[in-house]
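coords_13.txt, holding compact mmCIF, C-alpha atoms and all ligand atoms:
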```txt
# COMPACT_ATOMS: atom_id res chain seq x y z
CA MET X 1 -12.99 -29.67 11.43
CA GLU X 2 -12.67 -26.33 9.65
CA GLN X 3 -16.29 -25.52 10.42
CA TYR X 4 -15.11 -24.85 13.97
CA LEU X 5 -13.07 -21.87 12.86
CA SER X 6 -14.53 -18.60 14.09
CA HIS X 7 -16.99 -17.02 11.68
CA ARG X 8 -14.66 -14.05 11.69
CA LEU X 9 -11.91 -16.14 10.13
CA GLN X 10 -14.17 -18.17 7.88
CA SER X 11 -15.23 -15.02 6.10
CA LEU X 12 -11.77 -13.49 5.88
CA SER X 13 -9.97 -13.67 2.51
CA GLU X 14 -6.30 -14.44 2.17
CA SER X 15 -4.10 -11.50 1.11
CA ALA X 16 -4.09 -11.91 -2.70
CA THR X 17 -0.81 -10.03 -3.09
CA LEU X 18 1.04 -12.21 -0.62
CA ALA X 19 -0.59 -15.36 -2.01
CA MET X 20 0.34 -14.62 -5.64
CA ASN X 21 3.87 -13.71 -4.64
CA GLN X 22 4.26 -16.98 -2.72
CA LYS X 23 2.79 -19.03 -5.60
CA THR X 24 5.25 -17.43 -7.99
CA LYS X 25 8.17 -18.15 -5.68
CA ASP X 26 7.04 -21.79 -5.37
CA LEU X 27 6.97 -22.13 -9.19
CA GLN X 28 10.39 -20.48 -9.44
CA ALA X 29 11.70 -22.95 -6.87
CA GLN X 30 10.47 -25.77 -9.14
CA GLY X 31 12.77 -24.36 -11.85
CA LEU X 32 10.33 -22.24 -13.89
CA ASP X 33 11.96 -19.05 -15.19
CA ILE X 34 9.14 -16.68 -14.25
CA VAL X 35 9.49 -12.91 -14.00
CA ASN X 36 7.74 -12.08 -10.75
CA LEU X 37 5.75 -8.87 -11.10
CA THR X 38 3.51 -9.60 -8.10
CA ALA X 39 5.90 -8.36 -5.46
CA GLY X 40 4.92 -5.23 -3.59
CA GLU X 41 8.36 -4.48 -2.28
CA PRO X 42 11.48 -2.69 -3.46
CA ASP X 43 14.03 -5.04 -5.03
CA PHE X 44 16.87 -2.99 -3.46
CA PHE X 45 18.83 -3.91 -0.37
CA THR X 46 18.46 -1.91 2.83
CA PRO X 47 21.02 0.98 2.81
CA ASP X 48 24.26 0.22 4.65
CA HIS X 49 23.92 2.78 7.45
CA ILE X 50 20.58 1.23 8.43
CA LYS X 51 22.03 -2.27 8.43
CA THR X 52 24.89 -1.01 10.62
CA ALA X 53 22.40 0.42 13.11
CA ALA X 54 20.60 -2.93 13.29
CA LYS X 55 23.88 -4.77 13.94
CA GLU X 56 24.88 -2.25 16.61
CA ALA X 57 21.51 -2.69 18.29
CA VAL X 58 22.22 -6.40 18.66
CA ASP X 59 25.67 -5.73 20.09
CA LYS X 60 24.38 -3.06 22.46
CA ASN X 61 21.81 -5.49 23.86
CA TYR X 62 18.62 -3.92 22.64
CA SER X 63 17.04 -7.22 23.49
CA PHE X 64 14.37 -6.29 26.00
CA TYR X 65 10.72 -5.38 25.60
CA THR X 66 10.34 -1.79 24.49
CA PRO X 67 7.50 0.62 25.31
CA VAL X 68 4.32 -0.59 23.56
CA ASP X 69 4.33 2.39 21.17
CA GLY X 70 8.05 2.11 20.43
CA TYR X 71 11.15 3.74 21.88
CA MET X 72 10.65 7.40 22.70
CA ASP X 73 13.63 8.43 20.54
CA LEU X 74 12.04 6.67 17.56
CA ARG X 75 8.73 8.44 18.16
CA LYS X 76 10.66 11.72 18.41
CA ALA X 77 12.45 10.93 15.14
CA ILE X 78 9.06 10.31 13.51
CA ALA X 79 7.63 13.56 14.91
CA ASP X 80 10.72 15.37 13.57
CA LYS X 81 10.28 13.76 10.17
CA LEU X 82 6.61 14.78 10.03
CA LYS X 83 7.59 18.36 10.88
CA ARG X 84 10.62 18.51 8.57
CA GLU X 85 9.15 16.82 5.52
CA ASN X 86 5.42 17.37 5.86
CA SER X 87 5.15 20.54 8.01
CA LEU X 88 2.88 18.59 10.36
CA ASP X 89 2.89 19.11 14.12
CA TYR X 90 2.58 15.91 16.12
CA LYS X 91 3.83 15.28 19.64
CA PRO X 92 5.76 12.01 20.08
CA GLU X 93 2.89 10.86 22.36
CA GLN X 94 0.57 10.99 19.36
CA ILE X 95 2.72 8.49 17.49
CA SER X 96 2.51 4.73 17.83
CA VAL X 97 4.96 2.39 16.15
CA ALA X 98 3.72 -1.03 15.04
CA ASN X 99 4.85 -4.15 13.18
CA GLY X 100 4.54 -2.60 9.74
CA ALA X 101 2.12 -0.05 8.34
CA LYS X 102 -0.31 -2.92 7.81
CA HIS X 103 -0.39 -3.43 11.56
CA SER X 104 -0.85 0.32 12.13
CA LEU X 105 -3.81 0.18 9.74
CA ALA X 106 -5.25 -2.79 11.60
CA ASN X 107 -4.86 -0.99 14.94
CA ALA X 108 -6.56 2.14 13.62
CA ILE X 109 -9.44 0.29 11.94
CA MET X 110 -10.02 -1.92 14.99
CA SER X 111 -9.98 1.15 17.24
CA LEU X 112 -12.55 3.10 15.26
CA VAL X 113 -14.86 0.70 13.44
CA ASP X 114 -17.84 -0.76 15.29
CA GLU X 115 -20.23 -3.48 14.19
CA GLY X 116 -22.25 -2.08 11.26
CA ASP X 117 -20.09 1.00 10.70
CA GLU X 118 -19.30 1.90 7.12
CA ALA X 119 -15.86 2.66 5.69
CA ILE X 120 -15.75 4.44 2.35
CA ILE X 121 -12.97 3.02 0.19
CA PRO X 122 -12.27 4.37 -3.30
CA ALA X 123 -11.58 1.52 -5.74
CA PRO X 124 -9.12 0.36 -6.92
CA TYR X 125 -7.93 -0.06 -3.36
CA TRP X 126 -5.20 -1.98 -1.63
CA VAL X 127 -6.28 -5.54 -0.80
CA SER X 128 -6.13 -5.40 2.99
CA TYR X 129 -8.40 -2.40 3.66
CA SER X 130 -11.71 -4.11 3.03
CA GLU X 131 -10.66 -7.28 4.83
CA LEU X 132 -9.56 -5.36 7.92
CA VAL X 133 -12.85 -3.46 7.95
CA LYS X 134 -14.70 -6.79 7.72
CA LEU X 135 -12.64 -8.19 10.59
CA ALA X 136 -13.71 -5.21 12.70
CA GLY X 137 -17.37 -5.97 11.92
CA GLY X 138 -17.75 -3.01 9.59
CA LYS X 139 -18.92 -2.75 6.00
CA SER X 140 -16.86 -1.39 3.14
CA VAL X 141 -18.62 1.03 0.85
CA ILE X 142 -16.66 0.83 -2.37
CA VAL X 143 -16.66 3.90 -4.57
CA LYS X 144 -15.62 3.15 -8.14
CA THR X 145 -13.24 5.64 -9.66
CA GLY X 146 -12.38 5.49 -13.33
CA ILE X 147 -9.26 5.51 -15.42
CA ASP X 148 -10.56 8.75 -16.99
CA ASN X 149 -10.32 10.53 -13.63
CA GLY X 150 -6.87 9.04 -13.02
CA PHE X 151 -8.52 6.54 -10.63
CA LYS X 152 -9.17 9.28 -8.07
CA MET X 153 -12.32 9.86 -6.05
CA THR X 154 -13.92 13.29 -6.32
CA ALA X 155 -15.45 15.26 -3.46
CA GLY X 156 -18.85 14.77 -5.12
CA GLN X 157 -18.43 10.99 -5.12
CA LEU X 158 -17.41 11.08 -1.47
CA GLU X 159 -20.40 13.18 -0.47
CA LYS X 160 -22.76 10.81 -2.28
CA ALA X 161 -21.35 7.76 -0.52
CA ILE X 162 -21.83 9.17 2.99
CA THR X 163 -24.68 7.70 5.06
CA PRO X 164 -25.57 8.01 8.76
CA LYS X 165 -23.40 4.91 9.30
CA THR X 166 -20.24 6.26 7.70
CA LYS X 167 -17.33 6.18 10.14
CA MET X 168 -14.30 6.62 7.95
CA LEU X 169 -12.73 7.20 4.59
CA ILE X 170 -9.66 5.14 3.72
CA LEU X 171 -7.41 7.03 1.36
CA CYS X 172 -4.15 5.88 -0.21
CA SER X 173 -1.90 8.35 -2.02
CA PRO X 174 0.36 7.54 -3.83
CA SER X 175 -1.93 4.62 -4.52
CA ASN X 176 -1.35 0.93 -4.57
CA PRO X 177 -2.39 -0.41 -7.13
CA THR X 178 -2.90 2.50 -9.56
CA GLY X 179 0.03 4.81 -8.77
CA SER X 180 -2.40 7.75 -8.68
CA VAL X 181 -1.41 10.73 -6.54
CA TYR X 182 -3.95 13.20 -5.14
CA ASN X 183 -2.82 16.80 -5.48
CA ARG X 184 -3.37 19.49 -2.84
CA GLU X 185 -6.61 20.80 -4.34
CA GLU X 186 -8.12 17.34 -4.66
CA LEU X 187 -7.26 16.55 -1.04
CA LYS X 188 -8.64 19.89 0.14
CA ALA X 189 -11.95 19.20 -1.60
CA LEU X 190 -12.18 15.83 0.16
CA ALA X 191 -11.19 17.41 3.49
CA ASP X 192 -13.93 20.02 3.14
CA VAL X 193 -16.53 17.26 2.82
CA ILE X 194 -15.15 15.29 5.79
CA ALA X 195 -15.03 18.44 7.94
CA LYS X 196 -18.81 18.72 7.72
CA TYR X 197 -19.32 15.47 9.65
CA ASP X 198 -18.15 15.10 13.26
CA ARG X 199 -18.22 11.32 13.24
CA ILE X 200 -16.24 10.69 10.04
CA PHE X 201 -12.50 10.04 10.23
CA VAL X 202 -9.85 9.59 7.58
CA ILE X 203 -7.25 6.89 7.47
CA SER X 204 -4.56 8.29 5.23
CA ASP X 205 -2.16 5.61 4.02
CA GLU X 206 1.00 7.42 2.94
CA ILE X 207 3.37 4.46 2.81
CA TYR X 208 4.43 5.35 -0.77
CA GLU X 209 5.07 9.00 0.14
CA HIS X 210 8.66 9.01 -1.05
CA ILE X 211 8.01 7.04 -4.20
CA SER X 212 6.44 9.87 -6.14
CA TYR X 213 7.32 11.26 -9.57
CA VAL X 214 5.31 14.45 -9.25
CA GLY X 215 7.15 16.39 -6.59
CA LYS X 216 6.27 17.21 -3.02
CA HIS X 217 4.05 14.80 -1.13
CA GLU X 218 0.72 16.20 0.04
CA SER X 219 -1.04 14.83 3.11
CA ILE X 220 -4.70 15.38 3.94
CA ALA X 221 -3.54 15.97 7.54
CA GLN X 222 -2.25 19.41 6.46
CA PHE X 223 -5.78 20.86 6.50
CA PRO X 224 -6.68 22.26 9.93
CA ASN X 225 -10.38 21.51 9.47
CA VAL X 226 -9.69 17.74 9.46
CA LYS X 227 -6.32 17.40 11.22
CA ASP X 228 -7.96 16.07 14.42
CA LYS X 229 -9.88 13.47 12.39
CA VAL X 230 -6.95 12.03 10.43
CA VAL X 231 -4.98 8.92 11.24
CA LEU X 232 -1.81 9.21 9.20
CA ILE X 233 -0.17 5.90 8.36
CA ASN X 234 3.40 5.53 7.17
CA GLY X 235 6.44 3.33 7.67
CA VAL X 236 9.92 2.44 6.55
CA SER X 237 9.14 -0.60 4.36
CA LYS X 238 8.96 1.08 0.98
CA ALA X 239 11.04 4.25 1.37
CA PHE X 240 14.05 2.51 2.86
CA ALA X 241 13.71 -0.99 1.38
CA MET X 242 13.00 -2.46 4.82
CA THR X 243 9.93 -4.62 4.21
CA GLY X 244 11.20 -7.49 6.34
CA TYR X 245 12.06 -5.28 9.32
CA ARG X 246 8.34 -4.70 9.94
CA ILE X 247 8.19 -1.13 11.20
CA GLY X 248 5.22 1.11 10.50
CA TYR X 249 3.64 3.93 12.45
CA LEU X 250 0.57 6.05 12.87
CA ALA X 251 0.17 9.67 13.92
CA ALA X 252 -3.26 10.64 15.20
CA PRO X 253 -5.23 12.57 17.80
CA LEU X 254 -4.02 11.41 21.22
CA TRP X 255 -7.23 9.52 22.11
CA ILE X 256 -6.93 7.39 18.96
CA THR X 257 -3.21 6.74 19.48
CA LYS X 258 -3.96 5.66 23.06
CA ALA X 259 -6.64 3.24 21.86
CA CYS X 260 -4.27 1.76 19.28
CA SER X 261 -1.67 1.40 22.00
CA LYS X 262 -4.11 -0.45 24.27
CA LEU X 263 -4.90 -2.87 21.46
CA GLN X 264 -1.26 -3.38 20.57
CA GLY X 265 -0.39 -3.96 24.23
CA GLN X 266 -2.75 -6.93 24.22
CA PHE X 267 -1.89 -8.24 20.75
CA THR X 268 1.86 -7.94 20.23
CA SER X 269 3.40 -5.87 23.06
CA ASN X 270 5.86 -3.91 20.93
CA PRO X 271 7.51 -3.99 17.52
CA SER X 272 10.98 -5.53 17.31
CA SER X 273 13.58 -3.64 19.34
CA ILE X 274 16.32 -4.22 16.75
CA ALA X 275 14.14 -3.07 13.86
CA GLN X 276 13.17 0.05 15.82
CA ARG X 277 16.83 1.02 16.25
CA ALA X 278 17.33 0.51 12.50
CA ALA X 279 14.28 2.67 11.77
CA ILE X 280 15.77 5.52 13.81
CA ALA X 281 18.84 5.41 11.56
CA ALA X 282 16.59 5.39 8.49
CA LEU X 283 14.60 8.43 9.60
CA ALA X 284 17.54 10.44 10.95
CA GLN X 285 19.50 10.65 7.70
CA ASP X 286 18.77 12.54 4.52
CA ASN X 287 16.89 10.55 1.94
CA THR X 288 19.71 10.10 -0.58
CA PRO X 289 19.38 6.30 -0.87
CA THR X 290 15.62 6.68 -1.27
CA LYS X 291 16.09 9.28 -3.99
CA GLU X 292 18.39 6.91 -5.87
CA MET X 293 15.76 4.18 -5.70
CA VAL X 294 13.11 6.57 -6.98
CA VAL X 295 15.27 7.44 -10.00
CA ALA X 296 15.37 3.73 -10.84
CA PHE X 297 11.63 3.30 -10.26
CA LYS X 298 10.83 6.23 -12.54
CA ARG X 299 13.05 4.85 -15.30
CA ARG X 300 11.32 1.48 -14.96
CA ARG X 301 7.89 3.06 -14.99
CA ASP X 302 8.76 4.77 -18.26
CA LEU X 303 10.11 1.53 -19.67
CA VAL X 304 6.98 -0.44 -18.76
CA MET X 305 4.64 2.30 -19.95
CA SER X 306 6.38 2.49 -23.34
CA TRP X 307 5.85 -1.25 -23.77
CA LEU X 308 2.22 -1.17 -22.60
CA LYS X 309 1.49 1.57 -25.13
CA GLN X 310 2.65 -0.78 -27.88
CA MET X 311 0.17 -3.48 -26.83
CA PRO X 312 -3.13 -3.12 -28.73
CA GLY X 313 -6.10 -3.62 -26.41
CA VAL X 314 -4.25 -2.54 -23.27
CA ARG X 315 -5.21 0.74 -21.61
CA CYS X 316 -3.22 2.14 -18.73
CA ASN X 317 -3.01 5.37 -16.73
CA THR X 318 0.49 6.75 -16.22
CA PRO X 319 1.33 6.12 -12.57
CA GLU X 320 2.57 9.18 -10.69
CA GLY X 321 3.91 7.25 -7.72
CA ALA X 322 4.42 3.83 -6.06
CA PHE X 323 5.82 1.04 -8.26
CA TYR X 324 2.85 -0.57 -9.95
CA VAL X 325 1.02 -0.36 -13.25
CA PHE X 326 -2.63 -1.29 -13.34
CA PRO X 327 -3.52 -1.88 -16.99
CA ASP X 328 -7.10 -2.46 -18.12
CA ILE X 329 -7.05 -5.74 -20.04
CA SER X 330 -10.83 -6.21 -20.32
CA SER X 331 -10.77 -5.85 -24.13
CA PHE X 332 -9.33 -9.38 -24.18
CA PHE X 333 -12.26 -10.90 -22.30
CA GLY X 334 -13.93 -13.42 -24.64
CA LYS X 335 -10.80 -13.77 -26.79
CA SER X 336 -8.90 -17.01 -27.18
CA ASN X 337 -5.55 -18.38 -28.31
CA GLY X 338 -7.41 -21.31 -29.88
CA ILE X 339 -7.22 -23.43 -26.73
CA LEU X 340 -7.96 -21.12 -23.82
CA THR X 341 -10.58 -18.36 -23.63
CA ILE X 342 -9.88 -15.40 -21.38
CA LYS X 343 -13.03 -14.78 -19.34
CA ASN X 344 -11.69 -12.55 -16.58
CA ASP X 345 -8.69 -11.00 -14.84
CA MET X 346 -7.70 -14.28 -13.18
CA ASP X 347 -7.72 -16.08 -16.56
CA MET X 348 -5.48 -13.31 -17.90
CA CYS X 349 -3.02 -13.72 -15.02
CA LEU X 350 -2.96 -17.50 -15.50
CA TYR X 351 -2.53 -17.08 -19.27
CA LEU X 352 0.39 -14.69 -18.82
CA LEU X 353 1.93 -17.00 -16.25
CA ASP X 354 1.64 -19.98 -18.58
CA LYS X 355 2.45 -18.37 -21.94
CA ALA X 356 4.65 -15.39 -21.04
CA LEU X 357 6.13 -16.62 -17.76
CA VAL X 358 5.08 -13.34 -16.21
CA SER X 359 3.16 -13.23 -12.95
CA GLY X 360 0.83 -10.43 -11.84
CA VAL X 361 -2.11 -10.03 -9.49
CA PRO X 362 -5.76 -10.06 -10.71
CA GLY X 363 -7.43 -6.67 -10.36
CA ASP X 364 -10.44 -8.18 -8.61
CA ALA X 365 -8.41 -8.34 -5.39
CA PHE X 366 -8.20 -4.54 -5.61
CA GLY X 367 -11.89 -4.12 -6.43
CA GLU X 368 -11.37 -3.63 -10.19
CA PRO X 369 -11.73 -6.88 -12.18
CA THR X 370 -11.10 -5.22 -15.56
CA CYS X 371 -7.42 -4.76 -14.67
CA ILE X 372 -4.35 -6.63 -13.50
CA ARG X 373 -1.54 -5.29 -11.31
CA LEU X 374 2.08 -5.57 -12.35
CA SER X 375 4.86 -4.37 -10.06
CA TYR X 376 7.91 -2.83 -11.68
CA ALA X 377 10.06 -3.18 -8.58
CA THR X 378 12.43 -5.48 -10.42
CA SER X 379 15.44 -5.06 -12.70
CA ASP X 380 15.24 -3.30 -16.08
CA ALA X 381 16.35 -6.55 -17.74
CA ASN X 382 13.54 -8.50 -16.07
CA LEU X 383 11.05 -5.86 -17.11
CA GLU X 384 12.23 -5.86 -20.75
CA LYS X 385 11.88 -9.61 -20.86
CA ALA X 386 8.48 -9.62 -19.15
CA MET X 387 7.05 -6.92 -21.40
CA ARG X 388 8.33 -8.52 -24.60
CA CYS X 389 6.85 -11.90 -23.62
CA MET X 390 3.58 -10.29 -22.52
CA LYS X 391 3.24 -8.46 -25.82
CA GLU X 392 3.88 -11.67 -27.78
CA ALA X 393 1.34 -13.60 -25.71
CA LEU X 394 -1.38 -10.93 -26.04
CA VAL X 395 -1.02 -10.75 -29.83
CA LYS X 396 -2.04 -14.43 -29.97
CA LEU X 397 -5.43 -13.69 -28.40
CA ARG X 398 -8.14 -13.21 -31.03
N1 LIG J 401 -0.33 0.14 2.61
C1 LIG J 401 -0.10 -0.13 1.31
C2 LIG J 401 -0.88 0.63 0.30
C3 LIG J 401 0.83 -1.09 0.94
O1 LIG J 401 1.04 -1.35 -0.35
C4 LIG J 401 1.54 -1.78 1.92
C5 LIG J 401 2.54 -2.82 1.50
N2 LIG J 401 2.29 -4.07 1.93
C6 LIG J 401 1.27 -1.48 3.27
C7 LIG J 401 0.33 -0.51 3.57
C8 LIG J 401 1.92 -2.16 4.40
O2 LIG J 401 3.28 -1.97 4.48
P1 LIG J 401 4.14 -2.56 5.67
O3 LIG J 401 3.23 -3.35 6.54
O4 LIG J 401 5.20 -3.39 5.03
O5 LIG J 401 4.72 -1.38 6.38
N1 LIG J 402 2.20 -3.93 -0.33
C1 LIG J 402 2.59 -5.12 -0.99
C2 LIG J 402 1.62 -5.46 -2.09
O1 LIG J 402 0.60 -4.84 -2.22
C3 LIG J 402 2.96 -6.23 -0.10
C4 LIG J 402 1.99 -7.35 0.07
C5 LIG J 402 1.07 -7.17 1.20
O2 LIG J 402 1.50 -6.70 2.25
O3 LIG J 402 -0.10 -7.52 1.04
O4 LIG J 402 1.90 -6.34 -2.86
```

Could you write out this file's structure as structure tokens?
Amino acid sequence: MEQYLSHRLQSLSESATLAMNQKTKDLQAQGLDIVNLTAGEPDFFTPDHIKTAAKEAVDKNYSFYTPVDGYMDLRKAIADKLKRENSLDYKPEQISVANGAKHSLANAIMSLVDEGDEAIIPAPYWVSYSELVKLAGGKSVIVKTGIDNGFKMTAGQLEKAITPKTKMLILCSPSNPTGSVYNREELKALADVIAKYDRIFVISDEIYEHISYVGKHESIAQFPNVKDKVVLINGVSKAFAMTGYRIGYLAAPLWITKACSKLQGQFTSNPSSIAQRAAIAALAQDNTPTKEMVVAFKRRRDLVMSWLKQMPGVRCNTPEGAFYVFPDISSFFGKSNGILTIKNDMDMCLYLLDKALVSGVPGDAFGEPTCIRLSYATSDANLEKAMRCMKEALVKLR
């Protein structure tokens, strides 16, 4: 009967990150002692003051529908955060809160992309961008960036990819999966290209803003020549270890925010009232718990990088943010342990799962099949074990 599914759904791929994470959890449930490096979420618990706010929200009967775009005091807290931390001026009316940054992205893409429109996406890119563009009837124009340029797209590459059908650029900094961070000059160069075209917008995914090892976060929305063309996406999942709460938001020109709101009003009404109250507590406080998490992530990045450097045949950029490494493992393609020959990134992930009990995500899902993605959002002990086993397994490939 599956042929009766809409064509829209038949052509949609499953989220590879979520699928690999679930598969790993299923194997763990069967008793296999796998170190799960697929997970794209902090391994920390939500800070106590945020949990308290959620519990209070239940007791204070925050149980009714909320405004579609979220409670006004949450939108004000977000506007304050954007001013305080990013020096960006947004009115609360320009902010719409959704069920996670993924949902904000979906709202923005659905609101802007028409049948046949093109979205420029630098690769490696996060798995959901191209699928959401497809769902909206658009076409992704993938621009390959290389490890030698820190996996960042240059202004020249952007200019070359623009056609009369280009509608948007989807940018992610700090990046999932590469950990690359665009600096101010690089963003300005991209903004100067975008500013030349009335019809081209930027979706700027800044969900890993706080998880950066290179200082102050830079947003492309800071440049006045593109500010009214940027849809800024952020949320509380990563910074405050609140992935399950499902709160994300966008800040955009009013007409885009209104369109996203119309869509959300038909799709989901509003994000969870309880989670919204918790998000206010997260945004109102200083970022001390976040800073503590970032110290741990940086230590783990260094730990993983020092192991990867000891693995002949593995090439990896040093991530400047987020909590992933994206090593190039293509030098192993065609090599074998005597039984199994590694032909591609998926074979490598299956080999590591089988022989090292380490699970990662094939790079193909991120538009770069020479690599695999490993998350280091897990304990130092888990990482030590995973890296030692990975090194031992790779040495056996000849
Ligand atoms: N963007 C990127 C780059 C991500 O890695 C994630 C994590 N899933 C999201 C957006 C969505 O985050 P959430 O929906 O949990 O807010
Ligand atoms: N951002 C995470 C990841 O990339 C969560 C999974 C998802 O939302 O797709 O693994």

From the list X:Ala377, X:Val127, X:Val304, X:Ile121, which residue is nearest ligand LIG 402 (chain J) when using only C-alpha atoms and all ligand atoms?
-> X:Val127

Wanna dump the range 254-354 of chain X-range 48-51 of chain X contacts at 6 Å for me, each residue with its shortest atom pair and the distance in Å to one decimal, counting only C-alpha atoms, ordered by chain and number, as CSV?
```
residue,atom,partner,partner_atom,distance
X:Ala278,CA,X:Ile50,CA,5.3
X:Ala281,CA,X:Ile50,CA,5.5
X:Ala282,CA,X:Ile50,CA,5.8
```

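Residue nearest ligand LIG 402 (chain J) within the list X:Asp59, X:Glu131, X:Asp228, X:Glu185: X:Glu131 [criterion: smallest interatomic distance, only C-alpha atoms and all ligand atoms].
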
Could you tell me, counting all atoms listed in the file, which protein and nucleic acid residues lie no more than 10 Å from ligand LIG 402 (chain J), written as a PyMOL selection string?
-> chain X and resi 14-21+37-42+100-102+125-128+176-177+207-208+237-238+243+322-324+360-361+366+373-375

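Using all atoms listed in the file, the set of residues no farther than 6 Å from the position (12.7, -12.5, -16.9) comprises Val35, Asn382, Lys385 and Ala386 of chain X.
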
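With only C-alpha atoms and all ligand atoms as the basis for measurement, X:Glu206 is the residue among X:Glu206, X:Asp192, X:Asp69, X:Asp26 that approaches ligand LIG 401 (chain J) most closely.
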
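Among the candidate residues X:Asp73, X:Asp43, X:Glu218, X:Glu209, the one lying nearest to ligand LIG 401 (chain J) is X:Glu209, with distances computed using only C-alpha atoms and all ligand atoms.
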
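The space between CA of Leu88 in chain X and CA of Asn183 in chain X spans 16.9 Å.
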
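We find CA of Lys23 in chain X and CA of Ala356 in chain X to be spaced 16.0 Å apart.
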
Between CA of Tyr182 in chain X and CA of Thr378 in chain X lies a distance of 25.4 Å

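Residues in contact with range 254-263 of chain X at up to 7 Å, not including ones fewer than 6 positions away on its chain and judged by all atoms listed in the file, are Val68, Asp69, Gln94, Ile95, Ser96, Asn107, Ala108 and Ser111 of chain X.
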
With C-alpha atoms retained, write the just-selected residues as a short mmCIF file (atom, residue, chain, number, x, y, z; two decimals), in the coordinates of the input.
```cif
data_model
loop_
_atom_site.label_atom_id
_atom_site.label_comp_id
_atom_site.auth_asym_id
_atom_site.auth_seq_id
_atom_site.Cartn_x
_atom_site.Cartn_y
_atom_site.Cartn_z
CA VAL X 68 4.32 -0.59 23.56
CA ASP X 69 4.33 2.39 21.17
CA GLN X 94 0.57 10.99 19.36
CA ILE X 95 2.72 8.49 17.49
CA SER X 96 2.51 4.73 17.83
CA ASN X 107 -4.86 -0.99 14.94
CA ALA X 108 -6.56 2.14 13.62
CA SER X 111 -9.98 1.15 17.24
#
```

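Among the candidate residues X:Lys216, X:Arg388, X:Lys343, X:Lys160, the one lying nearest to Val358 in chain X is X:Arg388, with distances computed using all atoms listed in the file.
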
Around all of range 38-55 of chain X's listed atoms, make the axis-aligned box with 8 Å on each side and tell me centre and edge lengths in Å to one decimal, as AutoDock Vina command-line options.
```
--center_x 14.2 --center_y -3.4 --center_z 2.9 --size_x 37.4 --size_y 28.4 --size_z 38.0
```

Would you list the residues near (12.6, -1.6, 1.9) (no more than 10 Å away, in the coordinates of the file, using all atoms listed in the file) as a VMD selection string?
-> chain X and resid 41 to 47 235 to 246 290

Exercise: Leu397 in chain X partners within 7 Å, all atoms listed in the file, chain neighbours under 4 positions left out, as a compact mmCIF listing (two decimals) with C-alpha atoms, in the frame of the given file:
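Resulting contents of selection_34.txt:
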```txt
# COMPACT_ATOMS: atom_id res chain seq x y z
CA LYS X 335 -10.80 -13.77 -26.79
CA SER X 336 -8.90 -17.01 -27.18
CA ASN X 337 -5.55 -18.38 -28.31
```

Go through X:Leu9, X:Ala53, X:Leu112, X:Leu232 one by one, measure the shortest atom-to-atom distance of each to ligand LIG 401 (chain J) using only C-alpha atoms and all ligand atoms, and give the residue with the smallest value.
-> X:Leu232

Please provide as number ranges by chain all residues within 9 Å of Glu368 in chain X, with the sequence filter that same-chain residues fewer than 5 positions apart are discarded (counting all atoms listed in the file).
-> X: 123-125, 144, 362-363

Non-local contacts of Arg300 in chain X (7 Å; all atoms listed in the file; under 3 positions in same chain excluded) as a VMD selection string | chain X and resid 296 to 297 303 to 304 376 380

Might you pull out every residue within 9 Å of Thr268 in chain X, with all atoms listed in the file counted and same-chain residues fewer than 3 positions away left off, and present them as a PDB file with C-alpha atoms, keeping the file's coordinate frame?
```pdb
ATOM      1  CA  VAL X  68       4.320  -0.590  23.560  1.00  0.00           C
ATOM      2  CA  ALA X  98       3.720  -1.030  15.040  1.00  0.00           C
ATOM      3  CA  ASN X  99       4.850  -4.150  13.180  1.00  0.00           C
ATOM      4  CA  LEU X 263      -4.900  -2.870  21.460  1.00  0.00           C
ATOM      5  CA  GLN X 264      -1.260  -3.380  20.570  1.00  0.00           C
ATOM      6  CA  GLY X 265      -0.390  -3.960  24.230  1.00  0.00           C
ATOM      7  CA  PRO X 271       7.510  -3.990  17.520  1.00  0.00           C
TER       8      PRO X 271
END
```
